[in-house]
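File shown: model35.tsv (TSV, C-alpha atoms).
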```tsv
chain	number	residue	atom	x	y	z
A	1	MET	CA	0.87	-23.73	3.51
A	2	GLN	CA	2.15	-26.05	6.21
A	3	CYS	CA	5.57	-26.74	7.69
A	4	THR	CA	7.08	-29.95	6.30
A	5	LYS	CA	7.72	-31.17	9.85
A	6	CYS	CA	4.48	-30.21	11.63
A	7	ASP	CA	1.01	-28.75	11.05
A	8	ASN	CA	1.98	-25.15	11.71
A	9	HIS	CA	1.91	-22.37	9.16
A	10	ALA	CA	5.09	-22.20	7.03
A	11	VAL	CA	7.13	-18.97	7.07
A	12	TYR	CA	10.22	-20.01	5.12
A	13	ARG	CA	11.09	-22.14	2.13
A	14	LEU	CA	14.47	-23.70	1.52
A	15	SER	CA	14.18	-25.55	-1.80
A	16	ASP	CA	11.49	-28.21	-1.10
A	17	GLN	CA	11.59	-27.88	2.68
A	18	LEU	CA	9.00	-25.63	4.38
A	19	TYR	CA	9.60	-24.32	7.92
A	20	CYS	CA	7.20	-22.94	10.53
A	21	LYS	CA	8.55	-20.36	13.01
A	22	ASP	CA	9.72	-22.96	15.54
A	23	HIS	CA	11.34	-25.26	13.03
A	24	PHE	CA	12.95	-22.32	11.25
A	25	CYS	CA	14.53	-21.14	14.54
A	26	ARG	CA	15.80	-24.66	15.21
A	27	TYR	CA	17.21	-24.85	11.67
A	28	PHE	CA	18.88	-21.44	12.12
A	29	GLU	CA	20.41	-22.18	15.53
A	30	ASN	CA	21.57	-25.67	14.56
A	31	LYS	CA	23.27	-24.34	11.44
A	32	VAL	CA	25.10	-21.70	13.49
A	33	TYR	CA	26.17	-24.28	16.11
A	34	LYS	CA	27.32	-26.60	13.33
A	35	THR	CA	29.47	-23.80	11.86
A	36	ILE	CA	30.97	-23.06	15.27
A	37	LYS	CA	31.85	-26.72	15.77
A	38	LYS	CA	32.96	-27.56	12.23
A	39	PHE	CA	35.43	-24.68	12.05
A	40	SER	CA	36.33	-24.72	15.80
A	41	LEU	CA	35.30	-21.07	16.12
A	42	PHE	CA	35.09	-21.23	19.93
A	43	ARG	CA	37.17	-23.19	22.42
A	44	PRO	CA	36.26	-23.83	26.06
A	45	ASP	CA	39.04	-21.49	27.27
A	46	ASP	CA	38.03	-18.60	24.96
A	47	LYS	CA	36.61	-15.26	25.98
A	48	ILE	CA	34.43	-13.98	23.13
A	49	ALA	CA	33.96	-10.36	22.10
A	50	VAL	CA	30.86	-10.16	19.90
A	51	ALA	CA	31.11	-7.25	17.49
A	52	SER	CA	27.66	-5.70	17.72
A	53	SER	CA	26.08	-2.73	16.03
A	54	GLY	CA	22.54	-3.30	17.20
A	55	GLY	CA	21.44	-4.36	13.71
A	56	LYS	CA	19.66	-7.63	12.92
A	57	ASP	CA	22.83	-9.60	12.13
A	58	SER	CA	24.62	-8.64	15.31
A	59	LEU	CA	21.56	-9.23	17.52
A	60	ALA	CA	20.96	-12.64	15.89
A	61	LEU	CA	24.66	-13.31	16.45
A	62	LEU	CA	24.62	-12.15	20.08
A	63	TYR	CA	21.55	-14.25	20.82
A	64	THR	CA	22.87	-17.46	19.23
A	65	VAL	CA	26.31	-16.93	20.80
A	66	MET	CA	24.55	-16.50	24.15
A	67	LEU	CA	22.64	-19.77	23.68
A	68	TYR	CA	25.81	-21.61	22.64
A	69	THR	CA	28.21	-20.17	25.22
A	70	ASN	CA	25.73	-20.70	28.07
A	71	LYS	CA	25.72	-24.38	27.15
A	72	TYR	CA	29.52	-24.60	27.29
A	73	ASN	CA	30.14	-21.96	29.95
A	74	ILE	CA	32.25	-19.73	27.69
A	75	PRO	CA	32.37	-16.02	28.70
A	76	PHE	CA	31.35	-13.39	26.15
A	77	PHE	CA	30.45	-9.71	25.90
A	78	ALA	CA	29.16	-7.31	23.25
A	79	LEU	CA	31.53	-4.79	21.69
A	80	ALA	CA	30.29	-1.86	19.60
A	81	VAL	CA	31.88	0.98	17.67
A	82	ASP	CA	30.17	4.34	17.46
A	83	GLU	CA	31.50	5.79	14.20
A	84	GLY	CA	29.53	9.01	14.57
A	85	ILE	CA	26.94	8.64	11.79
A	86	ALA	CA	24.08	10.93	12.77
A	87	GLY	CA	20.57	9.53	12.52
A	88	TYR	CA	21.81	5.99	12.01
A	89	ARG	CA	24.24	4.70	14.58
A	90	ASP	CA	22.61	6.39	17.60
A	91	SER	CA	19.38	4.46	17.15
A	92	SER	CA	21.07	1.10	16.48
A	93	LEU	CA	23.19	1.51	19.62
A	94	ASP	CA	19.99	2.21	21.57
A	95	ASP	CA	18.65	-1.10	20.22
A	96	LEU	CA	21.87	-2.82	21.32
A	97	LYS	CA	21.68	-1.37	24.84
A	98	PHE	CA	18.04	-2.42	25.13
A	99	PHE	CA	18.88	-5.94	23.93
A	100	CYS	CA	21.81	-6.27	26.34
A	101	SER	CA	19.72	-5.12	29.30
A	102	GLN	CA	16.95	-7.54	28.27
A	103	PHE	CA	19.33	-10.53	28.33
A	104	ASP	CA	21.77	-9.26	30.94
A	105	ILE	CA	24.73	-9.12	28.53
A	106	LYS	CA	27.76	-6.95	29.28
A	107	TYR	CA	28.59	-4.44	26.57
A	108	HIS	CA	31.35	-1.95	25.73
A	109	ILE	CA	31.16	0.90	23.24
A	110	VAL	CA	34.24	2.58	21.73
A	111	SER	CA	33.80	5.68	19.61
A	112	PHE	CA	35.68	7.33	16.75
A	113	GLN	CA	35.31	10.57	18.72
A	114	ASP	CA	37.22	9.16	21.69
A	115	LYS	CA	39.83	7.28	19.69
A	116	ILE	CA	40.54	9.41	16.63
A	117	ASN	CA	39.10	12.71	17.86
A	118	THR	CA	36.50	12.99	15.12
A	119	THR	CA	33.43	11.33	13.64
A	120	LEU	CA	32.85	9.64	10.29
A	121	ASP	CA	30.37	12.40	9.43
A	122	ASN	CA	33.14	14.96	9.93
A	123	ILE	CA	35.77	13.24	7.81
A	124	LYS	CA	33.79	11.58	5.03
A	125	ASP	CA	33.79	14.58	2.66
A	126	LYS	CA	37.53	14.94	3.01
A	127	GLY	CA	37.89	11.21	2.36
A	128	ILE	CA	35.75	11.47	-0.79
A	129	SER	CA	37.86	14.40	-2.03
A	130	LEU	CA	40.92	12.14	-1.62
A	131	ASN	CA	39.20	9.30	-3.50
A	132	LYS	CA	38.47	7.28	-0.34
A	133	LYS	CA	34.86	6.18	-0.02
A	134	PRO	CA	33.22	6.53	3.42
A	135	CYS	CA	32.97	2.71	3.77
A	136	THR	CA	36.74	2.40	3.19
A	137	VAL	CA	37.58	5.03	5.81
A	138	CYS	CA	35.02	3.64	8.25
A	139	GLY	CA	36.07	0.01	7.72
A	140	ILE	CA	39.75	0.69	8.40
A	141	PHE	CA	39.14	2.55	11.66
A	142	ARG	CA	36.35	0.24	12.78
A	143	ARG	CA	38.48	-2.89	12.30
A	144	THR	CA	41.37	-1.31	14.18
A	145	LEU	CA	39.25	-0.09	17.09
A	146	LEU	CA	37.44	-3.42	17.40
A	147	ASN	CA	40.74	-5.33	17.50
A	148	ARG	CA	42.31	-2.97	20.03
A	149	ALA	CA	39.26	-2.92	22.31
A	150	ALA	CA	38.80	-6.70	22.13
A	151	ARG	CA	42.48	-7.16	22.99
A	152	GLU	CA	42.38	-4.67	25.88
A	153	LEU	CA	39.27	-6.35	27.28
A	154	GLY	CA	41.00	-9.72	27.26
A	155	ALA	CA	39.06	-11.35	24.44
A	156	THR	CA	40.63	-14.29	22.63
A	157	LYS	CA	38.12	-14.27	19.75
A	158	LEU	CA	36.19	-11.53	18.00
A	159	ALA	CA	32.92	-12.87	16.60
A	160	THR	CA	31.45	-10.79	13.79
A	161	GLY	CA	27.98	-10.90	12.23
A	162	HIS	CA	29.18	-11.46	8.66
A	163	ASN	CA	26.67	-13.63	6.83
A	164	LEU	CA	26.62	-15.57	3.56
A	165	ASP	CA	25.59	-12.47	1.60
A	166	ASP	CA	28.50	-10.45	3.03
A	167	GLU	CA	31.00	-13.17	2.22
A	168	ALA	CA	29.71	-13.74	-1.34
A	169	GLN	CA	29.82	-9.95	-1.91
A	170	SER	CA	33.39	-9.67	-0.61
A	171	LEU	CA	34.54	-12.58	-2.77
A	172	LEU	CA	32.99	-11.06	-5.87
A	173	MET	CA	34.30	-7.56	-5.10
A	174	ASN	CA	37.87	-8.80	-4.58
A	175	THR	CA	37.66	-10.91	-7.72
A	176	MET	CA	36.29	-8.03	-9.82
A	177	LYS	CA	39.10	-5.78	-8.57
A	178	GLY	CA	41.74	-8.44	-9.13
A	179	ASN	CA	42.59	-8.57	-5.41
A	180	MET	CA	42.80	-12.34	-5.11
A	181	SER	CA	45.19	-12.08	-2.15
A	182	HIS	CA	42.37	-10.37	-0.20
A	183	ASN	CA	40.20	-13.43	-0.76
A	184	ALA	CA	42.86	-15.51	0.97
A	185	ALA	CA	42.07	-13.50	4.10
A	186	LEU	CA	38.36	-14.42	4.03
A	187	GLY	CA	36.63	-17.55	5.36
A	188	PRO	CA	34.87	-18.42	8.63
A	189	VAL	CA	38.09	-17.86	10.61
A	190	THR	CA	40.45	-15.04	9.70
A	191	GLY	CA	43.89	-14.18	10.93
A	192	LEU	CA	46.32	-16.28	12.89
A	193	SER	CA	45.56	-17.01	16.51
A	194	SER	CA	49.27	-16.98	17.30
A	195	THR	CA	49.86	-13.42	16.07
A	196	LYS	CA	50.61	-11.15	19.00
A	197	GLY	CA	48.19	-8.26	19.27
A	198	PHE	CA	45.64	-9.67	16.85
A	199	VAL	CA	42.38	-11.08	18.15
A	200	GLN	CA	41.31	-13.83	15.81
A	201	ARG	CA	38.05	-13.10	13.98
A	202	VAL	CA	35.34	-15.71	13.61
A	203	LYS	CA	32.03	-15.66	11.73
A	204	PRO	CA	29.35	-17.92	13.25
A	205	LEU	CA	26.67	-16.65	10.79
A	206	TYR	CA	28.92	-17.53	7.85
A	207	PHE	CA	26.39	-19.84	6.17
A	208	MET	CA	23.24	-17.85	7.03
A	209	LEU	CA	21.55	-15.79	4.32
A	210	GLU	CA	20.83	-12.17	5.20
A	211	LYS	CA	17.15	-12.98	4.64
A	212	GLU	CA	17.40	-15.73	7.25
A	213	THR	CA	18.92	-13.47	9.91
A	214	ARG	CA	16.19	-10.89	9.28
A	215	LEU	CA	13.53	-13.59	9.61
A	216	TYR	CA	15.15	-14.93	12.80
A	217	ALA	CA	15.26	-11.42	14.30
A	218	PHE	CA	11.59	-10.90	13.31
A	219	ILE	CA	10.41	-14.19	14.79
A	220	LYS	CA	12.38	-13.60	18.00
A	221	ASN	CA	10.81	-10.14	18.15
A	222	PHE	CA	14.14	-8.36	18.60
A	223	LYS	CA	13.75	-4.63	18.70
A	224	VAL	CA	15.85	-3.71	15.68
A	225	ASP	CA	16.21	-0.55	13.66
A	226	PHE	CA	16.24	-1.60	10.00
A	227	ASN	CA	17.68	1.57	8.53
A	228	GLU	CA	20.49	1.28	6.02
A	229	CYS	CA	23.70	3.20	6.61
A	230	PRO	CA	23.31	6.52	4.71
A	231	ASN	CA	26.73	5.97	3.11
A	232	ILE	CA	26.00	2.55	1.59
A	233	SER	CA	24.80	3.92	-1.76
A	234	LEU	CA	28.30	5.31	-2.31
A	235	SER	CA	29.88	1.87	-1.98
A	236	PHE	CA	31.00	-0.65	-4.58
A	237	ARG	CA	29.44	-3.28	-2.32
A	238	ALA	CA	25.90	-2.00	-2.93
A	239	GLY	CA	26.22	-2.66	-6.68
A	240	VAL	CA	27.63	-6.15	-6.13
A	241	ARG	CA	24.88	-6.85	-3.58
A	242	ASP	CA	22.22	-6.02	-6.20
A	243	ILE	CA	23.87	-8.27	-8.81
A	244	LEU	CA	23.94	-11.17	-6.33
A	245	ASN	CA	20.35	-10.65	-5.21
A	246	ASN	CA	19.17	-10.64	-8.82
A	247	MET	CA	21.10	-13.86	-9.46
A	248	GLU	CA	19.78	-15.44	-6.25
A	249	SER	CA	16.24	-14.63	-7.32
A	250	THR	CA	16.56	-16.28	-10.73
A	251	SER	CA	18.99	-19.03	-9.62
A	252	PRO	CA	18.40	-19.84	-5.92
A	253	GLY	CA	21.56	-21.10	-4.23
A	254	THR	CA	23.92	-18.75	-6.11
A	255	LYS	CA	25.40	-17.20	-2.93
A	256	ASN	CA	25.82	-20.59	-1.33
A	257	GLY	CA	27.50	-21.90	-4.48
A	258	ILE	CA	29.97	-19.01	-4.60
A	259	VAL	CA	30.97	-19.36	-0.94
A	260	ASN	CA	31.21	-23.16	-0.98
A	261	SER	CA	33.30	-23.12	-4.17
A	262	PHE	CA	35.58	-20.57	-2.52
A	263	LEU	CA	35.99	-22.75	0.58
A	264	GLU	CA	37.25	-25.56	-1.65
A	265	ILE	CA	40.10	-23.43	-2.97
A	266	LEU	CA	40.75	-21.41	0.22
A	267	PRO	CA	43.58	-23.72	1.42
A	268	LEU	CA	45.33	-23.24	-1.94
A	269	LEU	CA	44.93	-19.45	-1.76
A	270	LYS	CA	46.26	-19.38	1.80
A	271	GLU	CA	49.26	-21.42	0.73
A	272	LYS	CA	49.92	-19.18	-2.29
A	273	TYR	CA	49.76	-15.90	-0.36
A	274	ARG	CA	51.25	-17.15	2.93
A	275	ASN	CA	54.60	-15.45	2.46
A	276	GLU	CA	53.61	-12.69	0.11
A	277	LYS	CA	52.70	-10.21	2.83
A	278	PRO	CA	54.89	-10.94	5.85
A	279	PHE	CA	53.35	-10.02	9.17
A	280	SER	CA	54.95	-7.21	11.13
A	281	PHE	CA	54.04	-4.50	13.61
A	282	CYS	CA	53.20	-0.90	12.80
A	283	GLU	CA	56.14	1.38	13.50
A	284	ARG	CA	53.74	4.02	14.78
A	285	CYS	CA	51.12	2.26	16.92
A	286	ASN	CA	52.64	-1.22	17.22
A	287	ASP	CA	49.44	-2.91	16.02
A	288	PRO	CA	49.93	-6.00	13.85
A	289	CYS	CA	49.93	-5.16	10.13
A	290	SER	CA	51.34	-6.29	6.80
A	291	GLY	CA	53.66	-3.33	6.10
A	292	LYS	CA	55.70	-0.77	8.00
A	293	ILE	CA	52.71	1.44	8.84
A	294	CYS	CA	49.24	0.02	9.47
A	295	ASN	CA	46.22	1.08	7.40
A	296	ALA	CA	44.70	3.07	10.27
A	297	CYS	CA	47.87	5.15	10.80
A	298	GLN	CA	48.15	5.71	7.03
A	299	MET	CA	44.53	6.87	6.93
A	300	GLU	CA	45.14	9.20	9.90
A	301	ASP	CA	48.01	10.76	7.96
A	302	LEU	CA	46.01	11.03	4.75
A	303	LEU	CA	43.12	12.76	6.51
A	304	CYS	CA	45.51	14.83	8.69
A	305	LEU	CA	43.86	13.62	11.89
A	306	LYS	CA	45.31	14.59	15.23
A	307	VAL	CA	45.06	11.42	17.25
A	308	ASN	CA	45.77	11.06	20.97
B	1	MET	CA	-5.03	-3.95	-0.61
B	2	LEU	CA	-2.84	-1.62	1.43
B	3	VAL	CA	0.85	-2.44	1.26
B	4	PHE	CA	3.43	-0.85	3.53
B	5	ILE	CA	6.94	-0.79	2.01
B	6	GLU	CA	9.43	-0.48	4.86
B	7	LYS	CA	12.44	0.58	2.82
B	8	GLU	CA	10.59	3.54	1.36
B	9	ASN	CA	8.53	4.11	4.53
B	10	LYS	CA	5.35	4.48	2.50
B	11	THR	CA	2.02	2.74	1.99
B	12	VAL	CA	0.68	2.02	-1.48
B	13	GLU	CA	-2.52	0.51	-2.83
B	14	CYS	CA	-1.88	-2.57	-4.95
B	15	ASN	CA	-3.89	-5.71	-5.56
B	16	ALA	CA	-2.43	-9.12	-6.38
B	17	SER	CA	-3.53	-12.73	-6.01
B	18	SER	CA	-0.25	-13.87	-4.39
B	19	GLY	CA	2.83	-12.48	-2.66
B	20	LYS	CA	4.90	-13.35	-5.69
B	21	GLU	CA	2.60	-11.42	-8.02
B	22	LEU	CA	2.55	-8.45	-5.61
B	23	LEU	CA	6.35	-8.25	-5.52
B	24	ALA	CA	6.52	-8.53	-9.32
B	25	LYS	CA	3.97	-5.70	-9.69
B	26	LEU	CA	5.96	-3.51	-7.31
B	27	ASN	CA	9.22	-4.50	-9.02
B	28	ILE	CA	10.74	-5.78	-5.75
B	29	ASN	CA	13.26	-8.63	-5.69
B	30	PRO	CA	11.91	-11.45	-3.44
B	31	SER	CA	15.47	-12.19	-2.17
B	32	THR	CA	15.60	-8.77	-0.54
B	33	VAL	CA	12.37	-8.76	1.47
B	34	LEU	CA	10.12	-10.58	3.92
B	35	LEU	CA	6.37	-10.52	3.35
B	36	VAL	CA	4.15	-10.01	6.37
B	37	LYS	CA	0.39	-10.59	6.06
B	38	ASN	CA	-1.72	-9.36	8.98
B	39	SER	CA	1.36	-9.53	11.27
B	40	ASP	CA	2.50	-13.05	10.23
B	41	VAL	CA	5.39	-13.81	7.91
B	42	ILE	CA	4.20	-15.65	4.79
B	43	LEU	CA	5.78	-17.43	1.84
B	44	ASP	CA	5.90	-15.55	-1.45
B	45	GLU	CA	3.58	-18.09	-3.09
B	46	GLU	CA	0.84	-17.62	-0.49
B	47	PRO	CA	-2.53	-16.31	-1.83
B	48	LEU	CA	-3.60	-12.79	-0.91
B	49	SER	CA	-7.02	-11.18	-0.71
B	50	GLU	CA	-8.09	-7.56	-1.02
B	51	THR	CA	-8.72	-7.19	2.72
B	52	ASP	CA	-5.21	-8.31	3.73
B	53	GLN	CA	-2.85	-5.82	5.30
B	54	ILE	CA	0.63	-6.38	3.87
B	55	LYS	CA	4.05	-5.22	5.02
B	56	ILE	CA	7.13	-5.64	2.86
B	57	LEU	CA	10.12	-5.68	5.21
B	58	SER	CA	13.57	-5.00	3.86
B	59	VAL	CA	16.11	-7.75	4.45
B	60	ILE	CA	19.01	-5.45	3.70
B	61	SER	CA	20.06	-3.21	6.55
B	62	GLY	CA	23.27	-2.01	8.07
B	63	GLY	CA	26.32	-1.01	6.08
```

Taking this structure as input, can you express it in the form of C-alpha cells?
Amino acid sequence: MQCTKCDNHAVYRLSDQLYCKDHFCRYFENKVYKTIKKFSLFRPDDKIAVASSGGKDSLALLYTVMLYTNKYNIPFFALAVDEGIAGYRDSSLDDLKFFCSQFDIKYHIVSFQDKINTTLDNIKDKGISLNKKPCTVCGIFRRTLLNRAARELGATKLATGHNLDDEAQSLLMNTMKGNMSHNAALGPVTGLSSTKGFVQRVKPLYFMLEKETRLYAFIKNFKVDFNECPNISLSFRAGVRDILNNMESTSPGTKNGIVNSFLEILPLLKEKYRNEKPFSFCERCNDPCSGKICNACQMEDLLCLKVN
Amino acid sequence: MLVFIEKENKTVECNASSGKELLAKLNINPSTVLLVKNSDVILDEEPLSETDQIKILSVISGG
C-alpha cells in the first residue's frame, strides 16, 4: 500500500490518510510544533527541562524539542529521575545517556537514593501494606524531585512526555474515582507560571497517540528499551488503559474524542476549582502545595523515611 | 510463518493472510502494537505470506 502523498510504502493509517515513513515523521513533528505554538508551551526566554526516562515517549519528546528549540534558540536539557527499580530503570537510563551523547544534549539525573535515602524497590512493600500502590508512592516523589531539580537548574518550564493515551487515561481515572477537581489540573499546560517555586509543566506530545510515539521512535531508530515498569500491573491505570485500547480498536478516535471534549470544558473546571484548594507552601520543605504539608512530606512520614 | 511477540519475548508459529487476521488469531489488540514485516513497519491490512518474518512490537512501555 502506498502513501497518500507519494509513491513510498505506507507505514501508518490515520482514517483515510496513509503515511510513508517520511510523511509520518513530518506529520508527527508538525503536530508537536502546532501544540507548542497553539498553547504557548515555550517562550523565547524560557529554559526547558525535558523530563526524560529514556523510554520512547521521552526520547521522541527530547528529539522534537531539540528540533524546535534549535530553530528558536531556546536552551534545554534532559532531566531524569532514578527511582531505584532494579532491572527496569537502569537500562532505560543507559538508553537516555546514549541518546544524549549521540545528540550532544546535556542531562542531569536525580535519584530517590540521594534525595530520600531509599529506593522504590525498598519501600514499595511497605507502601502496599499501607494501602499505597507503588505508582502512587513513585509518582509523588518523582513529581517533587523533578520540580525541585528543574527549579535548582534554572528551568522555567518542565516538558513531560505525556501523550494522548496518558491524558485520556488520567481523565477517565479521575472521573471514575469522582475526583473532578484533579481533572482541572490536567491539560497541555499545568500549574501557574507565577507560583513561586513551581516550574510550570507542559506537554508537547499532548495530541500524539502512544502508538505514534512508538512508531516515530522506531522510524528514527532510537535505541529504546521497551520494557514495562514491573509495578504497572498493580496500578488502576493499567485497567483503564486496557478499556481505552479496546474502545479505540472498535471505535477509532475514542481517545482523541475524550481529550478534545475535556479541553472544551477545561476553562469551566478551572474556574470552578480555582479557589477550592488555595495555594500555599509546605511548612516542612517550603515547596508549593495545596495544604499545610506537601504530599511528598506526608508520604515520607507515612513510610517513616529519614530524609536529609 | 514465524512471529516474534516482543511483549512476551517469544516466537510462535502462526499463519494468516493479513496482519489484521494474524493479530485476531493471536488475540492481540491492534491499538497496542506495531507490525514489522521483514524489518519494515506495515499496516494491519497488508497481506502476509508464509515466508514472511513478523515482529509484533508493543506500543505500551514505561509506567

Item to complete: Taking all atoms listed in the file into account, report as a PyMOL selection string which residues of chain B lie within 10 Å of chain A.
Response: chain B and resi 6-7+29-36+40-47+57-63

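Rounded to one decimal, atom CA of Arg151 of chain A and atom CA of Gln298 of chain A lie 21.3 Å from each other.
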
Practice prompt. Skip Leu2 of chain B itself and residues of its chain fewer than 5 positions away, then list as a list in words all residues within 6 Å of it, counting all atoms listed in the file.
Written response: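 Counting all atoms listed in the file, the residues come to Val12, Glu13 and Gln53 of chain B.
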
If I wrap all listed atoms of segment 33-40 of chain B in a box with edges along x, y and z and add 4 Å on each side, what are its centre and edge lengths in Å to one decimal, as JSON?
```
{"center_x": 5.3, "center_y": -10.9, "center_z": 6.4, "size_x": 22.1, "size_y": 12.3, "size_z": 17.8}
```

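Our summary of the geometry notes that atom CA of Ala24 of chain B is positioned 28.7 Å from atom CA of Tyr27 of chain A.
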
Worksheet item: Between B:Met1, B:Glu21, B:Asn27, B:Lys37, which has the minimum distance to Ile56 of chain B (counting all atoms listed in the file)?
Response: B:Lys37

Item to complete: Could you please determine the separation between atom CA of Arg142 of chain A and atom CA of Leu266 of chain A in Å, to one decimal place?
Response: 25.4 Å

Practice prompt. Could you give me, as JSON, numbers by chain, the residues within 9 Å of Lys25 of chain B, counting all atoms listed in the file and dropping anything in the same chain fewer than 4 positions from it?
Written response: {"B": [14, 15, 16, 20, 21]}

Practice prompt. Name all residues at most 10 Å from Thr195 of chain A (count only C-alpha atoms; drop same-chain ones fewer than 5 positions away) and give them as a list of chain:residue names.
Written response: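 Residues near the query, excluding close chain neighbours: A:Gln200, A:Phe279, A:Ser280, A:Pro288.
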
Discussion item. Give me, as a ChimeraX atom specification, all polymer residues having an atom no more than 6 Å from Thr119 of chain A, counting all atoms listed in the file and skipping those fewer than 2 positions away in the same chain.
Written reply: /A:83-84,112-113,121-122

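Residues in contact with Asn147 of chain A at 10 Å, where only C-alpha atoms are counted and same-chain residues fewer than 4 positions away are skipped, are listed as A:Ala49, A:Ala51, A:Phe141, A:Arg142, A:Arg143, A:Arg151, A:Glu152, A:Leu153, A:Ala155, A:Lys157, A:Leu158, A:Gly197, A:Phe198, A:Val199, A:Gln200, A:Arg201, A:Asp287, A:Pro288.
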